[in-house]
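Heads up, the thing below is written out as structure tokens.
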There are 2 protein chains.
Amino acid sequence: MSEILKGAAIIGQSGGPSSVINASAYGAIKTALENENITRVLGALNGIKGILDDNIIDMGKEDPAELAHMKYTPSSALGSCRYKLKSAEEDETDYKRILEIFKKYNIRYFFYNGGNDSMDTCNKVSKYLLAHDYPCRVMGIPKTIDNDLAGTDHCPGYGSAAKYIATSVMEIYHDAHVYDTGMVTIIECMGRHAGWLTAAAALANTKGCGADLIYLPEVDFDMDSFLASVKDIYAKTKKCIVVVSEGIHDKDGRFITEYGSDLAQTKDSFGHAQLGGLASFLANVVKKETGAKVRGIELSLLQRCAAHCASQTDIEESFSAGAAAVTNAVAGVTDKMVGFERAYVDGKYVCNIKLFNLDIVANTEKKVPREWINAAGNGIEQGFIDYALPLIQGETKLEKEDSLPRFVHLAKVRA
Amino acid sequence: MSEILKGAAIIGQSGGPSSVINASAYGAIKTALENENITRVLGALNGIKGILDDNIIDMGKEDPAELAHMKYTPSSALGSCRYKLKSAEEDETDYKRILEIFKKYNIRYFFYNGGNDSMDTCNKVSKYLLAHDYPCRVMGIPKTIDNDLAGTDHCPGYGSAAKYIATSVMEIYHDAHVYDTGMVTIIECMGRHAGWLTAAAALANTKGCGADLIYLPEVDFDMDSFLASVKDIYAKTKKCIVVVSEGIHDKDGRFITEYGSDLAQTKDSFGHAQLGGLASFLANVVKKETGAKVRGIELSLLQRCAAHCASQTDIEESFSAGAAAVTNAVAGVTDKMVGFERAYVDGKYVCNIKLFNLDIVANTEKKVPREWINAAGNGIEQGFIDYALPLIQGETKLEKEDSLPRFVHLAKVRA
């Protein structure tokens with residue numbers, strides 16, 4: 001049995017928001033508040049930046065009934081950041097500061113809730129603390145609508161985003177089919193390098209009102225064959241619904257958004273190109289080539305924050321990931337990411353917690369398997385449907401007030 | 001008591017879709033199917049065009065259990081059109097054809113479900129039939145997310161669109177506030193001449209997570225004062241959420257979208273300019289002027305078709321409008337639009353059916369009263385909140401299948 005470690009716990013959130021990142025954070029906070037080895041539960045405002053700036057709140061000072069609304073509130077209630085830690089060898093400044101703050105509050109548990117980059121942060125902090133003989137258990141709690149973390153069967157946040165996308169595609173399908181005149185609709189989903197979100201449009205197809213063509217970044221995009229496919233479908237049915245990932249690129253790796261954009265690509269602090277505007281660009285190309293009426297729709301931020309349409313399965317799994325991070329850490333586990341393993345019991349989907357090494361997870365991207373994409377590279381196979389459908393099940397138990405979402409209001413009392 | 005009129009009823013849908021236009025149509029169809037004076041219930045595919053083309057289905061041949069899903073299915077299940085009838089004096093061709101089809105099926109009840117233009121169609125058809133001594137009762141069943149029909153307190157479709165907009169603004173607010181870095185968000189809502197949809201963003205403000213600035217077409221838009229307001233709010237809070245109507249224009253009546261667009265404005269068959277792209281345009285202007293990170297979001301089609309987020313109040317009222325059209329017509333009423341009158345019983349909102357003359361309704365647009373917009377023209381007053389809040393109440397009873405919407409599948413058996 002592992003040594004008992006008593007002290008404070010701190011949780012931070014990082015990276016882009018999701019509908020359920022707070023469900024995970026709440027799972028960790030609630031479980032930590034109830035644990036006798038954890039003397040105090042702290043929240044780092046804006047992720048690792050909150051630790052560096054000593055911008056820290058006391059989660060124990062929040063009203064428990066109010067705090068419970070966190071489970072259904074989208075985006076990062078503690079605030080997020082996109083702050084990339086340099087390696088300690090390169091620059092030790094941040095690490096020294098983190099250790100200083102951890103000592104100040106006697107922090108012995110560090111939970112970090114985010115995507116690939118956040119797991120990298122966990123990994124670096126964990127290694128530094130270990131090298132400096134500071135006992136602290138570090139656990140990564142994953143979050144990413146992109147569903148691209150290695151190891152885990154799927155990521156908290158994906159199911160809700162997938163549900164929103166499938167639902168929206170079904171609704172747009174109905175809208176696009178009301179007139180008997182021709183219409184091409186191009187819907188743009190998020191996803192730089194992995195097409196999980198875009199593939200979710202195929203769930204709408206199982207209900208007979210989905211996309212005619214789906215393009216993921218996993219397959220090189222060819223403008224000519226795209227246009228030929230659109231023309232072909234349009235000629236037959238006078239309608240064509242296309243769903244594309246923002247990250248589609250040609251065989252030379254050039255993003256299709258760059259085709260039409262003379263604007264310099266701005267980059268975020270991780271060096272990712274800022275994409276967007278693809279739907280409008282493709283709509284213009286199709287309009288020019290076909291003369292059809294074309295509409296470009298960018299699902300934009302709503303696919304990652306539309307908590308009103310979240311999957312209750314995703315919410316409960318996200319909560320359990322946060323809770324498992326705490327129970328495992330208290331039991332002696334460190335330097336791991338909490339992930340999911342899928343099982344089928346009597347044919348029914350079951351999601352089990354599984355721990356993954358942080359260094360395997362950090363900075364690796366899981367793509368949609370090629371066999372789940374059709375041979376032509378413009379559609380999705382049944383394998384994906386079987387994978388994704390269980391993840392979107394169940395309606396959110398989000399409370400309403402005046403029929404509008406009742407999101408959390410944190411008091412944010414400084415520690 | 002009015003003369004008993006026996007014969008077939010036909011219903012058609014016209015204009016842009018809404019989340020609840022089918023709830024109205026279902027209200028009319030179900031009530032007509034149950035009425036002994038109505039010998040047969042027909043559906044015109046793609047509105048008045050379906051009548052002209054003898055493209056007509058028999059609603060009695062639909063499975064009643066399946067048909068019931070119409071109440072929760074967005075867009076026009078019978079198909080829509082944007083076909084403007086010329087006046088009979090100008091060209092009688094269409095009217096002769098309509099009369100011919102009405103005689104063929106012994107149609108004695110004509111229900112037309114749509115917006116301003118549809119009420120105009122009703123009015124013209126009704127007058128022509130009357131002038132040609134063909135007894136037929138004509139009733140308009142309103143629908144428009146734009147909420148701009150004269151007379152009626154509000155329009156079926158508005159409450160659901162308003163609920164979607166308010167909910168989405170609340171969610172985008174959370175997304176836009178996760179980083180401690182600066183961010184301006186510009187959200188574009190539909191609404192050419194009336195700002196009802198855009199004003200709905202103010203409902204989010206009642207929950208503390210709404211818009212900083214709201215611009216409706218009812219007030220002339222001034223780019224300089226807009227930029228000054230954004231800069232002022234951004235300087236104080238590093239965040240600014242702006243919601244604009246697609247139809248905002250300057251004091252000379254020029255649409256702001258036209259400022260940035262060198263593209264020739266295409267026009268639809270009613271001569272309306274096709275707008276869009278305003279959010280991106282304003283985002284670019286703000287980015288240039290402030291250097292801030294700016295995101296433009298167009299709520300696009302989803303505000304009119306997101307049935308999963310519809311208001312049950314809107315659904316029930318829409319159904320009752322369709323039902324009332326039938327019961328009134330059977331009782332002898334003709335040449336009217338079914339509308340709503342608001343009452344408060346013991347302080348509780350109640351919606352009563354009221355009939356309006358078609359010629360008053362047709363081609364008149366109701367705007368947001370100036371006193372519901374703040375003096376600066378960039379925000380919304382409590383009067384609007386009191387008006388709109390009752391309209392968004394109640395969660396849709398839309399059934400789910402695999403946690404995705406269960407929309408109607410009509411058999412569409414030809415008459």
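For the structure tokens, the naming scheme is as follows: chains receive sequential letters (A, B, ...) according to their order of presentation, residues are indexed from 1 within each chain, and ligands are indexed from 1 in presentation order.
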
Problem set entry | All helix (DSSP H, G or I) residues (DSSP, backbone) inside segment 52-195 of chain A, as a ChimeraX atom specification | /A:52,59-61,64-72,93-104,116-131,158-176

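Neighbouring residues of Asn205 of chain B at 10 Å or closer, counting only C-alpha atoms and skipping chain neighbours under 2 positions away, are Ala166, Val169, Met170, Ala200, Ala201, Ala202, Leu203, Lys207, Gly208, Cys209, Gly210, Ala211, Asp212, Ile380 and Ile385 of chain B.
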
Exercise. Contacts of Lys124 of chain A at 10 Å or less, counting only C-alpha atoms, minus same-chain residues fewer than 3 places along, as a VMD selection string?
Worked result: chain A and resid 85 to 88 95 118 to 121 127 to 130 335 358 to 359 362

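Our summary of the geometry notes that atom CA of His154 of chain B is positioned 17.7 Å from atom CA of Ile373 of chain B.
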
Problem set entry | Nearby residues (only C-alpha atoms) at most 7 Å from segment 50-61 of chain A, same-chain spacing under 3 positions excluded, as an MDAnalysis selection string | chainID A and resid 33 41:47 94 97:98 101 412:415

Seminar exercise, completed: Students should find that atom CA of Ser24 of chain A and atom CA of Ile141 of chain A are spaced 7.3 Å

For this session: Determine, counting only C-alpha atoms, which protein, DNA and RNA residues have an atom within 7 Å of an atom of Val242 of chain B; residues of the same chain fewer than 3 positions away are not included. Present the result as a PyMOL selection string.
Result: chain B and resi 185-187+211-214

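Among the candidates B:Ile165, B:Ile10, B:Leu78, B:Cys122, the one nearest to Leu302 of chain B when counting only C-alpha atoms is B:Ile165.
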
For this session: Name all residues at most 7 Å from Ser19 of chain A (count only C-alpha atoms; drop same-chain ones fewer than 3 positions away) and give them as a PyMOL selection string.
Result: chain A and resi 73-75+157+160+304-307+310

For this session: Mind checking which residues fall within 8 Å of segment 321-326 of chain B, counting only C-alpha atoms, ignoring those fewer than 3 positions away in the same chain, and posting them as a PyMOL selection string?
Result: chain B and resi 23-32+111+139-142+317-318+329-330+337-339+353

For this session: Within segment 46-113 of chain B, find each residue whose DSSP state, derived from the backbone, is strand (DSSP E), and express the selection as number ranges by chain.
Result: B: 56-58, 107-113

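You can rank A:Leu99, A:Ile48, A:Ala343, A:Cys240 by their closest distance to chain B using only C-alpha atoms, and at the top of that list sits A:Ile48.
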
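Note that the spacing between atom CA of Trp372 of chain B and atom CA of Leu197 of chain B amounts to 13.5 Å.
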
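Across A:Ile256, A:Cys81, A:Ile107, A:Leu278, the tightest approach to chain B is made by A:Cys81 when counting only C-alpha atoms.
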